[in-house]
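**Q** Sharing input.pdb below, PDB, C-alpha atoms, pLDDT in the B column:
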ATOM      1  CA  MET A  23       0.000   0.000   0.000  1.00 95.00           C
ATOM      2  CA  ARG A  24       1.110   3.526  -0.696  1.00 96.00           C
ATOM      3  CA  GLU A  25      -0.239   6.866   0.424  1.00 96.00           C
ATOM      4  CA  VAL A  26      -1.634   9.218  -2.208  1.00 97.00           C
ATOM      5  CA  THR A  27      -2.672  12.800  -1.531  1.00 97.00           C
ATOM      6  CA  LEU A  28      -5.137  14.429  -3.904  1.00 98.00           C
ATOM      7  CA  ARG A  29      -5.812  18.149  -4.311  1.00 97.00           C
ATOM      8  CA  ILE A  30      -9.524  18.532  -4.930  1.00 97.00           C
ATOM      9  CA  GLU A  31     -11.149  21.719  -6.172  1.00 96.00           C
ATOM     10  CA  ASN A  32     -14.654  23.012  -5.458  1.00 95.00           C
ATOM     11  CA  MET A  33     -15.206  21.045  -2.227  1.00 94.00           C
ATOM     12  CA  HIS A  34     -16.882  23.504   0.111  1.00 92.00           C
ATOM     13  CA  CYS A  35     -18.874  21.557   2.691  1.00 94.00           C
ATOM     14  CA  GLY A  36     -19.483  18.307   4.505  1.00 94.00           C
ATOM     15  CA  ALA A  37     -21.756  17.015   1.745  1.00 95.00           C
ATOM     16  CA  CYS A  38     -18.937  17.496  -0.765  1.00 95.00           C
ATOM     17  CA  VAL A  39     -16.535  15.619   1.499  1.00 95.00           C
ATOM     18  CA  LYS A  40     -19.023  12.748   1.820  1.00 95.00           C
ATOM     19  CA  ARG A  41     -19.540  12.564  -1.937  1.00 96.00           C
ATOM     20  CA  VAL A  42     -15.775  12.420  -2.603  1.00 97.00           C
ATOM     21  CA  SER A  43     -15.283   9.830   0.157  1.00 96.00           C
ATOM     22  CA  GLN A  44     -17.948   7.603  -1.356  1.00 96.00           C
ATOM     23  CA  ALA A  45     -16.410   7.934  -4.828  1.00 97.00           C
ATOM     24  CA  LEU A  46     -12.967   6.944  -3.539  1.00 97.00           C
ATOM     25  CA  GLU A  47     -14.373   3.994  -1.576  1.00 95.00           C
ATOM     26  CA  ARG A  48     -15.634   2.523  -4.859  1.00 95.00           C
ATOM     27  CA  VAL A  49     -12.051   2.198  -6.146  1.00 96.00           C
ATOM     28  CA  GLY A  50     -11.016  -1.371  -5.270  1.00 92.00           C
ATOM     29  CA  GLY A  51      -8.705  -1.768  -2.289  1.00 95.00           C
ATOM     30  CA  VAL A  52      -8.531   1.920  -1.395  1.00 96.00           C
ATOM     31  CA  GLN A  53      -8.655   2.887   2.272  1.00 96.00           C
ATOM     32  CA  ILE A  54      -9.661   6.425   3.158  1.00 95.00           C
ATOM     33  CA  GLY A  55      -7.158   8.137   5.429  1.00 94.00           C
ATOM     34  CA  GLU A  56      -8.649  11.617   5.498  1.00 94.00           C
ATOM     35  CA  VAL A  57     -10.932  13.665   3.304  1.00 95.00           C
ATOM     36  CA  ARG A  58     -11.286  17.343   4.092  1.00 93.00           C
ATOM     37  CA  VAL A  59     -12.230  20.430   2.151  1.00 93.00           C
ATOM     38  CA  GLY A  60      -9.643  20.768  -0.610  1.00 93.00           C
ATOM     39  CA  ALA A  61      -7.763  17.498  -0.170  1.00 96.00           C
ATOM     40  CA  ALA A  62      -7.938  13.765   0.374  1.00 96.00           C
ATOM     41  CA  ARG A  63      -5.347  11.331   1.667  1.00 96.00           C
ATOM     42  CA  VAL A  64      -5.883   7.665   0.861  1.00 97.00           C
ATOM     43  CA  GLN A  65      -4.026   4.373   1.060  1.00 97.00           C
ATOM     44  CA  ALA A  66      -4.047   2.668  -2.333  1.00 97.00           C
ATOM     45  CA  PRO A  67      -2.715  -0.724  -3.402  1.00 96.00           C
ATOM     46  CA  ASP A  68       0.575  -0.441  -5.277  1.00 95.00           C
ATOM     47  CA  ASP A  69      -1.080  -1.638  -8.491  1.00 96.00           C
ATOM     48  CA  THR A  70      -3.877   0.978  -8.396  1.00 96.00           C
ATOM     49  CA  PRO A  71      -3.044   3.734 -10.881  1.00 96.00           C
ATOM     50  CA  GLU A  72      -3.250   7.263  -9.505  1.00 97.00           C
ATOM     51  CA  SER A  73      -5.354   8.094 -12.544  1.00 97.00           C
ATOM     52  CA  ALA A  74      -8.089   5.767 -11.196  1.00 97.00           C
ATOM     53  CA  LEU A  75      -8.292   7.847  -8.022  1.00 97.00           C
ATOM     54  CA  VAL A  76      -8.378  11.122  -9.936  1.00 98.00           C
ATOM     55  CA  SER A  77     -11.009   9.726 -12.291  1.00 98.00           C
ATOM     56  CA  ALA A  78     -13.250   8.612  -9.408  1.00 97.00           C
ATOM     57  CA  VAL A  79     -13.155  12.082  -7.854  1.00 97.00           C
ATOM     58  CA  GLU A  80     -13.748  13.781 -11.205  1.00 98.00           C
ATOM     59  CA  LYS A  81     -16.743  11.512 -11.924  1.00 97.00           C
ATOM     60  CA  ALA A  82     -18.155  12.740  -8.607  1.00 97.00           C
ATOM     61  CA  GLY A  83     -17.939  16.264 -10.026  1.00 97.00           C
ATOM     62  CA  TYR A  84     -14.709  17.620  -8.538  1.00 97.00           C
ATOM     63  CA  PRO A  85     -11.507  18.442 -10.471  1.00 98.00           C
ATOM     64  CA  ALA A  86      -8.563  16.642  -8.864  1.00 97.00           C
ATOM     65  CA  THR A  87      -4.808  16.261  -9.191  1.00 97.00           C
ATOM     66  CA  VAL A  88      -2.225  14.155  -7.398  1.00 97.00           C
ATOM     67  CA  GLU A  89      -0.151  16.230  -5.009  1.00 94.00           C
ATOM     68  CA  ARG A  90       3.568  15.617  -5.378  1.00 88.00           C
TER      69      ARG A  90
END
Go ahead and render the structure in this file as structure tokens.

**A**
Amino acid sequence: MREVTLRIENMHCGACVKRVSQALERVGGVQIGEVRVGAARVQAPDDTPESALVSAVEKAGYPATVER
């Protein structure tokens, strides 16, 4: 497992945080570390592409990038 931090735009409230959390939980094997306004930290299996995490968040309606 590796830790991935995502920068997430347009999250402004608890409902947004919940929506992003639910989207990330649907990515196989991902464990949610922390989701807060503007960012998410997750544990992802080594074989899970970062693009799958970004895609899940974007499908939920929030632009996202991997923080380096």

**Q** Just say which residues the PyMOL selection byres ((chain A and resi 66-76) around 6) picks in this file, as a ChimeraX atom specification.

**A** /A:23-24,52,65,77-79,86

**Q** Have a look at CA of Val42 in chain A and CA of Arg29 in chain A and let me know their distance in Å, one decimal.

**A**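 CA of Val42 in chain A sits 11.6 Å away from CA of Arg29 in chain A.
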
**Q** Distance CA of Tyr84 in chain A-CA of Ala61 in chain A, one decimal place?

**A**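 These atoms are spaced 10.9 Å apart.
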
**Q** So, with only C-alpha atoms as the atoms that count, which of A:Glu31, A:Val88, A:Glu25, A:Gly83 lies closest to Ile54 in chain A?

**A**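 Smallest separation from Ile54 in chain A among the options: A:Glu25.
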
**Q** Could you list the residues chosen by the PyMOL selection byres ((chain A and resi 57-59) around 7) in this structure as a VMD selection string?

**A** chain A and resid 33 to 35 39 43 56 60 to 63

**Q** Write the selection just made, keeping C-alpha atoms, as a PDB file, keeping the file's coordinate frame?

**A**
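And here is the file that came out, part-v4.pdb:
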ATOM      1  CA  MET A  33     -15.206  21.045  -2.227  1.00 94.00           C
ATOM      2  CA  HIS A  34     -16.882  23.504   0.111  1.00 92.00           C
ATOM      3  CA  CYS A  35     -18.874  21.557   2.691  1.00 94.00           C
ATOM      4  CA  VAL A  39     -16.535  15.619   1.499  1.00 95.00           C
ATOM      5  CA  SER A  43     -15.283   9.830   0.157  1.00 96.00           C
ATOM      6  CA  GLU A  56      -8.649  11.617   5.498  1.00 94.00           C
ATOM      7  CA  GLY A  60      -9.643  20.768  -0.610  1.00 93.00           C
ATOM      8  CA  ALA A  61      -7.763  17.498  -0.170  1.00 96.00           C
ATOM      9  CA  ALA A  62      -7.938  13.765   0.374  1.00 96.00           C
ATOM     10  CA  ARG A  63      -5.347  11.331   1.667  1.00 96.00           C
TER      11      ARG A  63
END

**Q** Find, counting only C-alpha atoms, the residue in A:Gly51, A:Leu46, A:Gly36, A:Val64 that gets nearest to Ala82 in chain A.

**A** A:Leu46

**Q** State, in Å with one decimal place, the distance from CA of Val26 in chain A to CA of Cys38 in chain A.

**A** 19.2 Å

**Q** Which residue, A:Ala45, A:Leu28, A:Lys40, A:Gln53, has the smallest gap to Lys81 in chain A when you use all atoms listed in the file?

**A**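 Nearest to Lys81 in chain A: A:Ala45.
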
**Q** Please enclose the listed atoms of range 24-38 of chain A in an axis-aligned box, pad each side by 4 Å, and write out the centre and the three edge lengths in Å, rounded to one decimal, as JSON.

**A**
{"center_x": -10.3, "center_y": 13.5, "center_z": -0.8, "size_x": 30.9, "size_y": 28.0, "size_z": 18.7}

**Q** Some atoms are absent from range 40-57 of chain A, so rebuild N, CA and C atoms and return them as a tab-separated table (two decimals), in the frame of the given file.

**A**
chain	number	residue	atom	x	y	z
A	40	LYS	N	-18.37	14.06	1.83
A	40	LYS	CA	-19.02	12.75	1.82
A	40	LYS	C	-19.09	12.18	0.40
A	41	ARG	N	-19.43	13.01	-0.54
A	41	ARG	CA	-19.54	12.56	-1.94
A	41	ARG	C	-18.19	12.07	-2.47
A	42	VAL	N	-17.12	12.81	-2.17
A	42	VAL	CA	-15.78	12.42	-2.60
A	42	VAL	C	-15.35	11.13	-1.89
A	43	SER	N	-15.63	11.04	-0.60
A	43	SER	CA	-15.28	9.83	0.16
A	43	SER	C	-15.95	8.61	-0.45
A	44	GLN	N	-17.22	8.72	-0.77
A	44	GLN	CA	-17.95	7.60	-1.36
A	44	GLN	C	-17.38	7.23	-2.72
A	45	ALA	N	-16.99	8.21	-3.51
A	45	ALA	CA	-16.41	7.93	-4.83
A	45	ALA	C	-15.09	7.18	-4.69
A	46	LEU	N	-14.26	7.60	-3.74
A	46	LEU	CA	-12.97	6.94	-3.54
A	46	LEU	C	-13.13	5.53	-2.98
A	47	GLU	N	-14.13	5.32	-2.14
A	47	GLU	CA	-14.37	3.99	-1.58
A	47	GLU	C	-14.73	2.97	-2.65
A	48	ARG	N	-15.26	3.43	-3.77
A	48	ARG	CA	-15.63	2.52	-4.86
A	48	ARG	C	-14.43	2.03	-5.67
A	49	VAL	N	-13.27	2.65	-5.47
A	49	VAL	CA	-12.05	2.20	-6.15
A	49	VAL	C	-11.53	1.02	-5.34
A	50	GLY	N	-11.38	-0.14	-5.96
A	50	GLY	CA	-11.02	-1.37	-5.27
A	50	GLY	C	-9.75	-1.28	-4.43
A	51	GLY	N	-9.86	-1.68	-3.17
A	51	GLY	CA	-8.70	-1.77	-2.29
A	51	GLY	C	-8.27	-0.48	-1.63
A	52	VAL	N	-8.93	0.62	-1.94
A	52	VAL	CA	-8.53	1.92	-1.40
A	52	VAL	C	-9.09	2.08	0.02
A	53	GLN	N	-8.25	2.58	0.90
A	53	GLN	CA	-8.65	2.89	2.27
A	53	GLN	C	-8.56	4.40	2.46
A	54	ILE	N	-9.61	4.98	2.97
A	54	ILE	CA	-9.66	6.42	3.16
A	54	ILE	C	-8.89	6.79	4.42
A	55	GLY	N	-7.90	7.64	4.28
A	55	GLY	CA	-7.16	8.14	5.43
A	55	GLY	C	-7.82	9.38	5.98
A	56	GLU	N	-8.03	10.35	5.11
A	56	GLU	CA	-8.65	11.62	5.50
A	56	GLU	C	-9.18	12.31	4.25
A	57	VAL	N	-10.39	12.81	4.35
A	57	VAL	CA	-10.93	13.66	3.30
A	57	VAL	C	-11.40	14.93	4.01
